[in-house]
>>> print(open('data-v3.cif').read())   # mmCIF, C-alpha atoms and all ligand atoms
data_coords
#
loop_
_atom_site.label_atom_id
_atom_site.label_comp_id
_atom_site.auth_asym_id
_atom_site.auth_seq_id
_atom_site.Cartn_x
_atom_site.Cartn_y
_atom_site.Cartn_z
CA MET A 175 127.26 61.19 117.56
CA ASN A 176 128.89 63.17 120.35
CA GLY A 177 130.58 65.86 118.26
CA LYS A 178 134.15 66.73 118.99
CA ILE A 179 136.41 64.08 120.51
CA TYR A 180 138.19 65.34 123.61
CA GLN A 181 141.65 64.44 124.71
CA MET A 182 142.00 62.42 127.89
CA ILE A 183 143.57 64.51 130.66
CA SER A 184 145.07 63.50 133.98
CA LEU A 185 143.06 63.60 137.19
CA GLN A 186 145.44 66.29 138.48
CA ALA A 187 144.70 68.47 135.45
CA ALA A 188 140.97 67.82 135.77
CA TYR A 189 141.18 68.72 139.47
CA LYS A 190 142.73 72.09 138.65
CA HIS A 191 140.05 72.81 136.06
CA CYS A 192 137.37 71.88 138.58
CA LEU A 193 138.79 74.12 141.30
CA ALA A 194 138.75 77.06 138.89
CA ALA A 195 135.42 76.30 137.22
CA MET A 196 132.84 77.85 139.53
CA LYS A 197 132.57 81.51 140.33
CA PRO A 198 133.63 82.27 143.90
CA MET A 199 130.57 82.50 146.10
CA SER A 200 129.85 85.81 147.80
CA ALA A 201 129.44 86.02 151.58
CA GLU A 202 126.31 86.14 153.68
CA LYS A 203 125.68 86.88 157.33
CA ILE A 204 124.23 84.07 159.45
CA ARG A 205 123.98 83.24 163.13
CA PHE A 206 126.95 81.36 164.49
CA ASP A 207 124.80 78.53 165.81
CA SER A 208 123.52 77.81 162.30
CA SER A 209 126.98 77.72 160.78
CA LEU A 210 128.09 74.12 161.35
CA GLY A 211 129.89 72.86 158.22
CA ARG A 212 129.83 76.23 156.49
CA VAL A 213 132.97 78.01 155.28
CA LEU A 214 133.99 81.13 157.19
CA ALA A 215 134.28 84.22 155.03
CA GLN A 216 135.91 86.36 157.73
CA ASP A 217 138.68 85.97 160.26
CA ILE A 218 137.57 85.44 163.85
CA ARG A 219 139.74 87.50 166.20
CA ALA A 220 139.73 87.53 169.98
CA LYS A 221 137.79 90.41 171.48
CA ARG A 222 139.68 90.19 174.77
CA ASP A 223 142.41 88.23 176.51
CA MET A 224 141.54 84.66 177.49
CA PRO A 225 141.42 84.13 180.38
CA PRO A 226 140.35 87.75 180.78
CA PHE A 227 141.91 87.85 184.30
CA ASN A 228 144.19 85.65 186.40
CA LYS A 229 141.79 82.85 187.11
CA ALA A 230 141.67 80.12 189.74
CA ALA A 231 141.94 76.78 187.94
CA VAL A 232 140.75 74.79 190.98
CA ASP A 233 138.63 75.20 194.10
CA GLY A 234 141.02 76.06 196.91
CA TYR A 235 142.85 78.83 198.77
CA ALA A 236 144.64 81.77 197.13
CA CYS A 237 147.76 82.75 199.09
CA ILE A 238 151.43 83.77 198.81
CA ALA A 239 154.28 81.21 198.53
CA PRO A 240 152.66 78.49 200.69
CA VAL A 241 154.78 75.75 202.33
CA ALA A 242 153.75 72.42 203.81
CA GLY A 243 152.66 72.69 207.46
CA GLN A 244 152.02 76.44 207.24
CA LYS A 245 148.97 77.80 209.03
CA LEU A 246 146.99 80.47 207.16
CA SER A 247 144.14 82.68 208.30
CA VAL A 248 141.24 82.81 205.88
CA ILE A 249 140.19 86.43 205.31
CA GLY A 250 137.31 85.90 202.88
CA GLN A 251 135.80 84.04 199.99
CA ILE A 252 135.56 84.68 196.21
CA ALA A 253 132.94 82.86 194.15
CA ALA A 254 133.12 82.45 190.34
CA GLY A 255 131.60 85.58 188.82
CA SER A 256 132.44 87.70 191.89
CA HIS A 257 134.75 90.66 191.62
CA LYS A 258 135.36 91.02 195.36
CA HIS A 259 138.72 92.66 196.06
CA PHE A 260 141.15 91.42 198.75
CA ASP A 261 144.63 92.60 199.69
CA ILE A 262 146.37 89.38 200.72
CA GLU A 263 149.47 89.37 202.86
CA ALA A 264 151.85 86.53 203.76
CA GLY A 265 150.09 84.16 206.23
CA GLU A 266 146.67 84.93 204.79
CA ALA A 267 144.47 83.07 202.37
CA VAL A 268 141.21 83.63 200.52
CA SER A 269 138.89 80.73 199.84
CA ILE A 270 138.40 80.77 196.06
CA MET A 271 136.28 78.86 193.56
CA THR A 272 137.27 77.58 190.12
CA GLY A 273 136.88 80.37 187.57
CA ALA A 274 137.05 83.25 190.08
CA PRO A 275 139.60 86.09 189.73
CA VAL A 276 142.69 85.51 191.90
CA PRO A 277 143.55 88.45 194.23
CA LYS A 278 146.39 90.46 192.72
CA ASP A 279 149.08 89.70 195.35
CA ALA A 280 148.37 85.95 195.50
CA ASP A 281 150.81 83.79 193.52
CA TRP A 282 149.36 80.37 194.35
CA VAL A 283 146.07 78.54 194.77
CA VAL A 284 146.33 75.48 197.01
CA MET A 285 143.76 72.85 196.12
CA LYS A 286 141.03 72.26 198.65
CA GLU A 287 142.08 68.60 198.79
CA ASP A 288 145.58 69.68 199.93
CA ILE A 289 144.63 71.62 203.08
CA GLU A 290 143.10 70.85 206.40
CA GLN A 291 140.47 73.11 207.89
CA ILE A 292 141.30 73.61 211.57
CA SER A 293 138.69 76.25 212.37
CA GLU A 294 136.25 78.46 210.51
CA LYS A 295 138.98 80.99 209.77
CA GLU A 296 142.10 78.82 209.79
CA ILE A 297 143.63 76.22 207.51
CA VAL A 298 146.87 74.25 207.46
CA ILE A 299 148.63 73.47 204.19
CA ASN A 300 149.25 69.74 203.78
CA ARG A 301 150.88 70.07 200.36
CA PRO A 302 151.22 73.29 198.38
CA GLY A 303 151.08 71.26 195.14
CA ARG A 304 153.47 71.38 192.19
CA LYS A 305 151.86 74.15 190.20
CA SER A 306 150.25 77.46 191.01
CA ASN A 307 146.77 76.53 189.72
CA ILE A 308 146.45 80.06 188.39
CA ALA A 309 145.51 80.44 184.71
CA ILE A 310 147.31 83.63 183.74
CA GLN A 311 145.42 86.39 181.92
CA GLY A 312 145.88 85.93 178.15
CA GLU A 313 147.66 82.57 178.40
CA ASP A 314 145.16 80.92 176.01
CA TYR A 315 145.12 83.85 173.60
CA LYS A 316 145.52 87.60 173.56
CA ASN A 317 143.05 90.29 172.59
CA GLU A 318 142.97 90.71 168.77
CA GLU A 319 144.72 87.41 168.14
CA LYS A 320 143.44 85.54 165.06
CA LEU A 321 141.54 82.48 166.29
CA LEU A 322 140.07 81.22 163.02
CA PRO A 323 140.97 82.19 159.47
CA ALA A 324 138.57 82.88 156.63
CA GLY A 325 138.26 79.58 154.78
CA ALA A 326 137.89 77.45 157.91
CA ILE A 327 135.15 74.82 157.65
CA ILE A 328 133.16 75.37 160.82
CA ARG A 329 133.24 72.54 163.33
CA PRO A 330 131.57 72.23 166.75
CA GLN A 331 134.70 73.47 168.57
CA HIS A 332 134.68 76.59 166.35
CA ILE A 333 131.09 77.28 167.35
CA GLY A 334 132.19 77.10 170.99
CA LEU A 335 134.98 79.56 170.29
CA MET A 336 132.66 81.98 168.51
CA ALA A 337 130.27 81.76 171.45
CA ALA A 338 133.16 82.48 173.85
CA GLU A 339 134.12 85.57 171.88
CA GLY A 340 130.62 86.88 171.26
CA TYR A 341 130.47 86.32 167.49
CA VAL A 342 126.73 85.96 167.19
CA GLU A 343 126.53 86.89 163.53
CA ILE A 344 129.29 85.82 161.19
CA GLN A 345 130.12 86.03 157.52
CA VAL A 346 130.17 82.70 155.70
CA SER A 347 130.36 81.84 152.02
CA LYS A 348 126.99 81.43 150.40
CA LEU A 349 126.26 77.88 149.33
CA PRO A 350 126.10 77.27 145.61
CA ARG A 351 122.74 76.44 144.05
CA VAL A 352 123.08 72.86 142.86
CA GLN A 353 120.78 70.62 140.86
CA ILE A 354 121.08 66.92 140.18
CA VAL A 355 120.06 65.63 136.76
CA THR A 356 119.76 61.88 136.45
CA THR A 357 119.60 60.45 132.97
CA GLY A 358 118.79 56.93 131.86
CA SER A 359 115.76 55.32 130.20
CA GLU A 360 116.43 52.13 132.18
CA LEU A 361 115.89 53.83 135.54
CA VAL A 362 112.97 53.78 137.95
CA GLU A 363 112.78 55.50 141.33
CA PRO A 364 113.32 53.52 144.56
CA ASP A 365 109.61 53.25 145.32
CA LYS A 366 108.90 51.46 142.01
CA THR A 367 109.41 47.80 141.16
CA PRO A 368 111.80 47.58 138.23
CA LYS A 369 110.89 45.45 135.21
CA ALA A 370 113.45 42.86 134.16
CA SER A 371 115.36 45.35 132.02
CA GLN A 372 115.21 48.22 134.50
CA ILE A 373 117.23 49.21 137.55
CA ARG A 374 116.48 51.53 140.42
CA ASN A 375 118.02 54.96 140.40
CA SER A 376 120.57 55.06 143.19
CA ASN A 377 122.83 57.84 141.91
CA ALA A 378 120.48 60.76 142.42
CA TRP A 379 119.79 59.81 146.02
CA GLN A 380 123.41 59.08 146.79
CA LEU A 381 124.42 62.44 145.34
CA LYS A 382 121.68 64.27 147.17
CA ALA A 383 123.05 62.78 150.38
CA GLN A 384 126.65 63.70 149.47
CA LEU A 385 125.52 67.28 149.02
CA GLN A 386 123.45 67.24 152.19
CA ALA A 387 126.54 66.10 154.08
CA ILE A 388 128.23 69.35 153.06
CA GLY A 389 125.19 71.45 153.83
CA ILE A 390 123.66 71.76 150.37
CA GLN A 391 119.99 71.02 149.66
CA ALA A 392 120.16 70.22 145.96
CA ASP A 393 117.22 70.33 143.60
CA TYR A 394 116.52 67.16 141.71
CA SER A 395 115.23 66.91 138.15
CA GLY A 396 113.68 63.48 138.46
CA ILE A 397 114.71 60.79 135.98
CA VAL A 398 115.30 62.18 132.51
CA ALA A 399 114.94 59.67 129.68
CA ASP A 400 117.71 59.25 127.13
CA ASP A 401 115.92 61.27 124.49
CA LYS A 402 117.01 64.55 123.05
CA ALA A 403 113.82 66.47 123.71
CA SER A 404 113.72 65.64 127.42
CA LEU A 405 117.42 66.35 127.84
CA LYS A 406 117.19 69.61 125.93
CA LYS A 407 114.45 70.76 128.25
CA VAL A 408 116.39 69.99 131.41
CA MET A 409 119.47 71.64 129.91
CA GLN A 410 117.58 74.93 129.88
CA SER A 411 117.22 74.79 133.65
CA CYS A 412 120.99 74.65 134.15
CA SER A 413 121.42 78.41 133.83
CA ASN A 414 119.43 78.79 137.10
CA TYR A 415 122.14 76.92 138.99
CA ASP A 416 125.76 77.47 139.88
CA LEU A 417 126.32 73.76 139.38
CA SER A 418 124.32 71.04 137.65
CA ILE A 419 125.53 67.52 138.30
CA PHE A 420 124.47 65.08 135.61
CA THR A 421 124.71 61.36 136.09
CA GLY A 422 124.68 58.93 133.20
CA GLY A 423 124.57 59.58 129.50
CA VAL A 424 127.97 61.21 129.32
CA SER A 425 130.00 58.45 127.70
CA MET A 426 130.18 57.06 124.20
CA GLY A 427 126.99 55.02 123.84
CA ASP A 428 124.50 55.65 121.04
CA PHE A 429 122.10 57.21 123.55
CA ASP A 430 124.66 59.24 125.48
CA PHE A 431 123.36 62.55 124.22
CA VAL A 432 124.46 64.72 127.12
CA PRO A 433 127.82 65.97 125.73
CA LYS A 434 126.34 66.91 122.38
CA LEU A 435 123.38 68.71 123.93
CA ILE A 436 125.67 70.52 126.32
CA GLN A 437 127.52 71.88 123.32
CA ASP A 438 124.28 72.71 121.50
CA ALA A 439 123.31 74.75 124.58
CA ALA A 440 126.51 76.79 124.04
CA TYR A 441 128.43 75.36 126.98
CA GLU A 442 132.15 75.04 126.57
CA ILE A 443 133.34 71.52 127.36
CA ILE A 444 136.51 71.85 129.41
CA PHE A 445 137.25 68.14 129.58
CA HIS A 446 135.39 64.99 128.71
CA LYS A 447 137.73 62.17 129.59
CA ILE A 448 140.04 61.66 132.51
CA SER A 449 142.79 59.18 132.87
CA VAL A 450 141.43 57.45 135.96
CA LYS A 451 139.68 54.21 136.85
CA PRO A 452 136.76 54.21 137.43
CA GLY A 453 135.24 57.34 135.97
CA LYS A 454 136.95 57.93 132.64
CA PRO A 455 133.96 59.57 130.91
CA THR A 456 133.67 62.43 133.41
CA LEU A 457 132.85 65.79 131.91
CA LEU A 458 133.18 69.44 132.91
CA ALA A 459 131.45 72.21 130.99
CA LYS A 460 130.79 75.86 131.57
CA LYS A 461 128.72 78.72 130.25
CA GLY A 462 129.09 82.02 132.10
CA ASN A 463 128.55 81.21 135.77
CA SER A 464 126.73 77.98 135.09
CA VAL A 465 128.84 74.85 135.44
CA ILE A 466 127.97 71.28 134.52
CA LEU A 467 129.74 68.28 136.00
CA GLY A 468 128.80 65.15 134.08
CA LEU A 469 129.37 61.96 136.04
CA PRO A 470 129.34 58.44 134.65
CA GLY A 471 126.23 56.44 135.46
CA ASN A 472 128.04 53.53 137.06
CA PRO A 473 127.27 54.00 140.75
CA ILE A 474 130.85 53.79 142.05
CA SER A 475 132.31 55.79 139.17
CA GLY A 476 129.93 58.63 139.85
CA PHE A 477 130.41 58.37 143.59
CA ILE A 478 134.19 58.53 143.42
CA GLN A 479 134.26 61.31 140.83
CA PHE A 480 131.99 63.35 143.06
CA ILE A 481 134.49 62.81 145.89
CA LEU A 482 137.57 63.46 143.73
CA LEU A 483 136.24 66.41 141.71
CA GLY A 484 132.71 67.51 142.66
CA LYS A 485 133.25 68.09 146.36
CA PRO A 486 136.59 69.92 145.99
CA MET A 487 134.99 72.08 143.33
CA ILE A 488 132.17 73.12 145.64
CA TYR A 489 134.57 73.83 148.48
CA ALA A 490 136.75 75.87 146.11
CA ALA A 491 133.74 77.99 145.14
CA CYS A 492 133.22 78.58 148.87
CA GLY A 493 136.82 79.70 149.28
CA THR A 494 138.45 76.65 150.80
CA LYS A 495 139.95 73.22 150.22
CA ILE A 496 138.65 69.80 151.14
CA PRO A 497 140.09 68.84 154.53
CA ASP A 498 141.80 65.67 153.25
CA GLU A 499 143.39 67.06 150.09
CA ASN A 500 146.83 65.79 151.09
CA LEU A 501 145.83 62.57 152.82
CA ARG A 502 148.41 59.80 152.31
CA LEU A 503 148.27 56.54 154.22
CA PRO A 504 150.32 53.34 154.13
CA ALA A 505 148.90 50.08 152.80
CA GLY A 506 148.18 47.72 155.69
CA GLU A 507 148.72 44.69 153.46
CA ARG A 508 149.95 43.87 149.97
CA ILE A 509 147.45 45.07 147.37
CA ALA A 510 147.45 43.28 144.03
CA SER A 511 146.55 45.35 140.99
CA LYS A 512 146.43 45.02 137.22
CA LYS A 513 148.79 46.99 135.05
CA SER A 514 146.81 49.80 133.46
CA ASP A 515 147.32 53.00 131.53
CA ARG A 516 145.17 54.80 134.13
CA ASP A 517 145.53 55.35 137.88
CA SER A 518 142.97 53.27 139.78
CA TRP A 519 141.05 54.45 142.81
CA ILE A 520 139.96 51.50 144.89
CA PRO A 521 137.61 51.37 147.88
CA VAL A 522 139.46 50.86 151.17
CA LYS A 523 138.93 50.61 154.89
CA PHE A 524 141.04 52.71 157.23
CA ILE A 525 142.19 50.59 160.16
CA LYS A 526 144.62 52.17 162.63
CA ASN A 527 145.70 54.67 159.96
CA GLU A 528 146.45 51.98 157.41
CA LEU A 529 144.64 51.16 154.17
CA PHE A 530 143.00 47.80 153.55
CA PRO A 531 141.30 47.03 150.24
CA VAL A 532 137.61 46.20 150.29
CA LYS A 533 136.26 43.31 148.21
CA TYR A 534 135.12 44.97 145.05
CA ASN A 535 133.94 43.67 141.68
CA GLY A 536 134.05 46.89 139.71
CA SER A 537 132.37 50.20 139.19
CA GLY A 538 128.79 48.90 139.46
CA HIS A 539 129.34 47.21 142.82
CA LEU A 540 127.66 49.73 145.08
CA ALA A 541 127.29 47.24 147.94
CA ALA A 542 131.11 47.25 148.32
CA LEU A 543 130.90 50.82 149.59
CA SER A 544 128.90 49.87 152.67
CA GLU A 545 132.11 48.75 154.37
CA THR A 546 134.25 51.50 152.88
CA ASP A 547 135.93 54.44 154.64
CA GLY A 548 137.50 55.97 151.54
CA PHE A 549 139.36 55.44 148.31
CA ALA A 550 143.07 55.02 147.61
CA CYS A 551 144.97 55.61 144.41
CA VAL A 552 146.99 52.79 142.90
CA PRO A 553 149.27 54.43 140.29
CA ALA A 554 148.88 53.25 136.69
CA GLU A 555 152.21 51.49 136.32
CA LYS A 556 151.93 49.43 139.52
CA ILE A 557 151.03 45.75 139.48
CA SER A 558 151.13 45.59 143.25
CA ILE A 559 151.42 47.78 146.30
CA GLU A 560 153.57 46.45 149.11
CA LYS A 561 152.57 46.66 152.78
CA GLY A 562 153.75 50.00 154.14
CA GLU A 563 153.78 51.77 150.77
CA TYR A 564 152.07 55.16 150.97
CA LEU A 565 149.10 55.92 148.73
CA HIS A 566 147.02 59.03 148.14
CA ALA A 567 143.64 58.59 149.73
CA ARG A 568 140.33 60.36 150.22
CA SER A 569 137.91 59.70 153.02
CA ILE A 570 134.18 59.52 152.32
P1 LIG B 601 125.78 55.39 131.57
O1 LIG B 601 126.87 56.23 132.14
O2 LIG B 601 124.51 56.15 131.37
O3 LIG B 601 126.24 54.68 130.34
O4 LIG B 601 125.46 54.26 132.64
C1 LIG B 601 126.40 53.31 133.02
C2 LIG B 601 125.82 52.26 133.92
O5 LIG B 601 125.35 52.85 135.12
C3 LIG B 601 124.63 51.53 133.33
O6 LIG B 601 124.71 50.18 133.72
C4 LIG B 601 123.46 52.21 133.99
O7 LIG B 601 122.33 51.41 134.04
C5 LIG B 601 123.99 52.54 135.35
N1 LIG B 601 123.32 53.74 135.86
C6 LIG B 601 123.13 54.88 135.18
N2 LIG B 601 122.48 55.77 135.91
C7 LIG B 601 122.22 55.19 137.11
C8 LIG B 601 121.57 55.62 138.28
N3 LIG B 601 121.04 56.83 138.37
N4 LIG B 601 121.49 54.77 139.32
C9 LIG B 601 122.03 53.54 139.21
N5 LIG B 601 122.68 53.09 138.13
C10 LIG B 601 122.77 53.89 137.06
MG MG B 602 122.76 55.89 130.45
#
>>> encode(input="data-v3.cif", output="structure tokens", more="lines below")
Ligand code: AMP
Ligand code: MG
Amino acid sequence: MNGKIYQMISLQAAYKHCLAAMKPMSAEKIRFDSSLGRVLAQDIRAKRDMPPFNKAAVDGYACIAPVAGQKLSVIGQIAAGSHKHFDIEAGEAVSIMTGAPVPKDADWVVMKEDIEQISEKEIVINRPGRKSNIAIQGEDYKNEEKLLPAGAIIRPQHIGLMAAEGYVEIQVSKLPRVQIVTTGSELVEPDKTPKASQIRNSNAWQLKAQLQAIGIQADYSGIVADDKASLKKVMQSCSNYDLSIFTGGVSMGDFDFVPKLIQDAAYEIIFHKISVKPGKPTLLAKKGNSVILGLPGNPISGFIQFILLGKPMIYAACGTKIPDENLRLPAGERIASKKSDRDSWIPVKFIKNELFPVKYNGSGHLAALSETDGFACVPAEKISIEKGEYLHARSI
């Protein structure tokens, strides 16, 4: 029924194929304040030293080598933003505000709380304090220094940094065009009441949300019945997308037509079975720049394979890696497992940087994910994981 039988490959091998599958996205220019979550396609370098001048870190009095009990005459005042110039000599002080440039001969700023005002123009130092309270020009970074590399996934602190350095327009990787194709004659949409033999489509909406969370507004085919004509039609739309994510219809059932039709549409199937639980019948296919990721219909299988393969693949096309590629955490308690010929990924909670398994009945048990922070990999040969043993994990 499904044409050629494909060899089962490891998740690691499938991962490599996925990272290489999509064409690298080109760059586009956008405003920095619209770039949250996008992947930088340029380095961000400092345009000047930071701080740009020796800066008062507190409100207080700029002076030279102050000592407790010393009386100083106040010769002026510098507000933040002012560039007033003062030549300070020993025994003199300038009242200075946080963020203002410190006069060039001053080597100390005594905090306002550490002096006593004895007249309008005179102060006495109570305590000089333990540090100078001067932020030295360039101590945060120097002009031209690389602040963010191409490939960084932009976070709120990066937006602050770009604002500080005047990067109003930046180059980011374009987002791939993605469509979701949901197959299954048993499915109805969430706003319909399913008949006894039907279930509601959760996969499409879950996947749409997964993509939204990484900034992608995916198109959605609607439910496609398990018949060849309908599937053939939707297959034609795939060439308009960088990535089409199918759910359901990819395994070995009599009505799982997707793999065969993918081949009929002249796609090359790169893999069609991975040695992992759940999600064995996951499929990757490619024709030119159009890639198809076929996910199993079981809600958790599809969910986890999107996390393990789909998301890294999209990030790779954008020129970067998923942030938690190398996440490993210790088990917080003993985890019992069944011996298997495949690695198992199980839903877990992360508590104080330890993994705790979530009650889970199998790959259809979507409700188990409500309490879940991520997935952890129990290697095939293990029948149990001891407390403290480190496992590969992915957050969701
Ligand atoms: P399949 O991969 O098409 O054989 O589907 C495997 C299981 O997942 C079946 O029990 C389906 O009813 C269920 N399933 C398939 N697609 C969806 C979907 N979009 N939403 C929820 N469950 C689904
Ligand atoms: Mg199906």
>>> residues_near_ligand(input="data-v3.cif", ligand="ligand MG 602 (chain B)", cutoff="10 Å", atoms="only C-alpha atoms and all ligand atoms", output="list of chain:residue names")
A:Thr356, A:Thr357, A:Gly358, A:Ser359, A:Glu360, A:Leu361, A:Val398, A:Ala399, A:Asp400, A:Thr421, A:Gly422, A:Gly423, A:Val424, A:Ser425, A:Met426, A:Gly427, A:Asp428, A:Phe429, A:Asp430, A:Phe431, A:Val432, A:Pro470, A:Gly471, A:Asn472
>>> closest_residue(input="data-v3.cif", among="A:Ile570, A:Ala378, A:Ile388, A:Leu435", to="ligand LIG 601 (chain B)", atoms="all atoms listed in the file")
A:Ala378
>>> atom_distance(input="data-v3.cif", atom1="CA of Pro323 in chain A", atom2="CA of Ala220 in chain A")
11.9 Å
>>> closest_residue(input="data-v3.cif", among="A:Ser449, A:Tyr415, A:Ile559, A:Arg516", to="Leu185 in chain A", atoms="all atoms listed in the file")
A:Ser449
>>> atom_distance(input="data-v3.cif", atom1="CA of Ala201 in chain A", atom2="CA of Val352 in chain A")
17.0 Å
>>> build_atoms(input="data-v3.cif", residues="range 218-234 of chain A", atoms="N, CA, C and O atoms", output="PDB file, in the frame of the given file")
ATOM      1  N   ILE A 218     138.119  85.250 162.503  1.00  0.00           N
ATOM      2  CA  ILE A 218     137.570  85.440 163.850  1.00  0.00           C
ATOM      3  C   ILE A 218     138.750  85.818 164.744  1.00  0.00           C
ATOM      4  O   ILE A 218     139.719  85.061 164.860  1.00  0.00           O
ATOM      5  N   ARG A 219     138.668  87.017 165.326  1.00  0.00           N
ATOM      6  CA  ARG A 219     139.740  87.500 166.200  1.00  0.00           C
ATOM      7  C   ARG A 219     139.218  87.609 167.624  1.00  0.00           C
ATOM      8  O   ARG A 219     138.040  87.916 167.833  1.00  0.00           O
ATOM      9  N   ALA A 220     140.121  87.421 168.576  1.00  0.00           N
ATOM     10  CA  ALA A 220     139.730  87.530 169.980  1.00  0.00           C
ATOM     11  C   ALA A 220     139.289  88.953 170.277  1.00  0.00           C
ATOM     12  O   ALA A 220     139.868  89.913 169.772  1.00  0.00           O
ATOM     13  N   LYS A 221     138.247  89.072 171.090  1.00  0.00           N
ATOM     14  CA  LYS A 221     137.790  90.410 171.480  1.00  0.00           C
ATOM     15  C   LYS A 221     138.332  90.807 172.854  1.00  0.00           C
ATOM     16  O   LYS A 221     138.126  91.911 173.315  1.00  0.00           O
ATOM     17  N   ARG A 222     138.973  89.876 173.532  1.00  0.00           N
ATOM     18  CA  ARG A 222     139.680  90.190 174.770  1.00  0.00           C
ATOM     19  C   ARG A 222     140.635  89.051 175.094  1.00  0.00           C
ATOM     20  O   ARG A 222     140.625  88.012 174.431  1.00  0.00           O
ATOM     21  N   ASP A 223     141.494  89.293 176.105  1.00  0.00           N
ATOM     22  CA  ASP A 223     142.410  88.230 176.510  1.00  0.00           C
ATOM     23  C   ASP A 223     141.611  87.043 177.040  1.00  0.00           C
ATOM     24  O   ASP A 223     140.533  87.210 177.599  1.00  0.00           O
ATOM     25  N   MET A 224     142.167  85.845 176.892  1.00  0.00           N
ATOM     26  CA  MET A 224     141.540  84.660 177.490  1.00  0.00           C
ATOM     27  C   MET A 224     142.588  83.870 178.244  1.00  0.00           C
ATOM     28  O   MET A 224     143.591  83.507 177.646  1.00  0.00           O
ATOM     29  N   PRO A 225     142.481  83.590 179.540  1.00  0.00           N
ATOM     30  CA  PRO A 225     141.420  84.130 180.380  1.00  0.00           C
ATOM     31  C   PRO A 225     141.501  85.660 180.451  1.00  0.00           C
ATOM     32  O   PRO A 225     142.581  86.227 180.332  1.00  0.00           O
ATOM     33  N   PRO A 226     140.371  86.285 180.734  1.00  0.00           N
ATOM     34  CA  PRO A 226     140.350  87.750 180.780  1.00  0.00           C
ATOM     35  C   PRO A 226     140.989  88.307 182.056  1.00  0.00           C
ATOM     36  O   PRO A 226     141.216  89.502 182.164  1.00  0.00           O
ATOM     37  N   PHE A 227     141.263  87.458 183.032  1.00  0.00           N
ATOM     38  CA  PHE A 227     141.910  87.850 184.300  1.00  0.00           C
ATOM     39  C   PHE A 227     142.645  86.626 184.809  1.00  0.00           C
ATOM     40  O   PHE A 227     142.434  85.517 184.296  1.00  0.00           O
ATOM     41  N   ASN A 228     143.525  86.824 185.804  1.00  0.00           N
ATOM     42  CA  ASN A 228     144.190  85.650 186.400  1.00  0.00           C
ATOM     43  C   ASN A 228     143.123  84.841 187.128  1.00  0.00           C
ATOM     44  O   ASN A 228     142.480  85.341 188.053  1.00  0.00           O
ATOM     45  N   LYS A 229     142.974  83.618 186.707  1.00  0.00           N
ATOM     46  CA  LYS A 229     141.790  82.850 187.110  1.00  0.00           C
ATOM     47  C   LYS A 229     142.187  81.619 187.913  1.00  0.00           C
ATOM     48  O   LYS A 229     143.175  80.951 187.583  1.00  0.00           O
ATOM     49  N   ALA A 230     141.434  81.350 188.970  1.00  0.00           N
ATOM     50  CA  ALA A 230     141.670  80.120 189.740  1.00  0.00           C
ATOM     51  C   ALA A 230     141.283  78.922 188.884  1.00  0.00           C
ATOM     52  O   ALA A 230     140.186  78.893 188.332  1.00  0.00           O
ATOM     53  N   ALA A 231     142.219  77.966 188.764  1.00  0.00           N
ATOM     54  CA  ALA A 231     141.940  76.780 187.940  1.00  0.00           C
ATOM     55  C   ALA A 231     141.334  75.653 188.766  1.00  0.00           C
ATOM     56  O   ALA A 231     140.932  74.628 188.209  1.00  0.00           O
ATOM     57  N   VAL A 232     141.312  75.825 190.096  1.00  0.00           N
ATOM     58  CA  VAL A 232     140.750  74.790 190.980  1.00  0.00           C
ATOM     59  C   VAL A 232     139.983  75.468 192.114  1.00  0.00           C
ATOM     60  O   VAL A 232     140.125  76.681 192.335  1.00  0.00           O
ATOM     61  N   ASP A 233     139.204  74.705 192.838  1.00  0.00           N
ATOM     62  CA  ASP A 233     138.630  75.200 194.100  1.00  0.00           C
ATOM     63  C   ASP A 233     139.708  75.079 195.152  1.00  0.00           C
ATOM     64  O   ASP A 233     140.352  74.026 195.274  1.00  0.00           O
ATOM     65  N   GLY A 234     139.946  76.152 195.927  1.00  0.00           N
ATOM     66  CA  GLY A 234     141.020  76.060 196.910  1.00  0.00           C
ATOM     67  C   GLY A 234     141.239  77.368 197.652  1.00  0.00           C
ATOM     68  O   GLY A 234     140.280  78.117 197.894  1.00  0.00           O
TER      69      GLY A 234
END
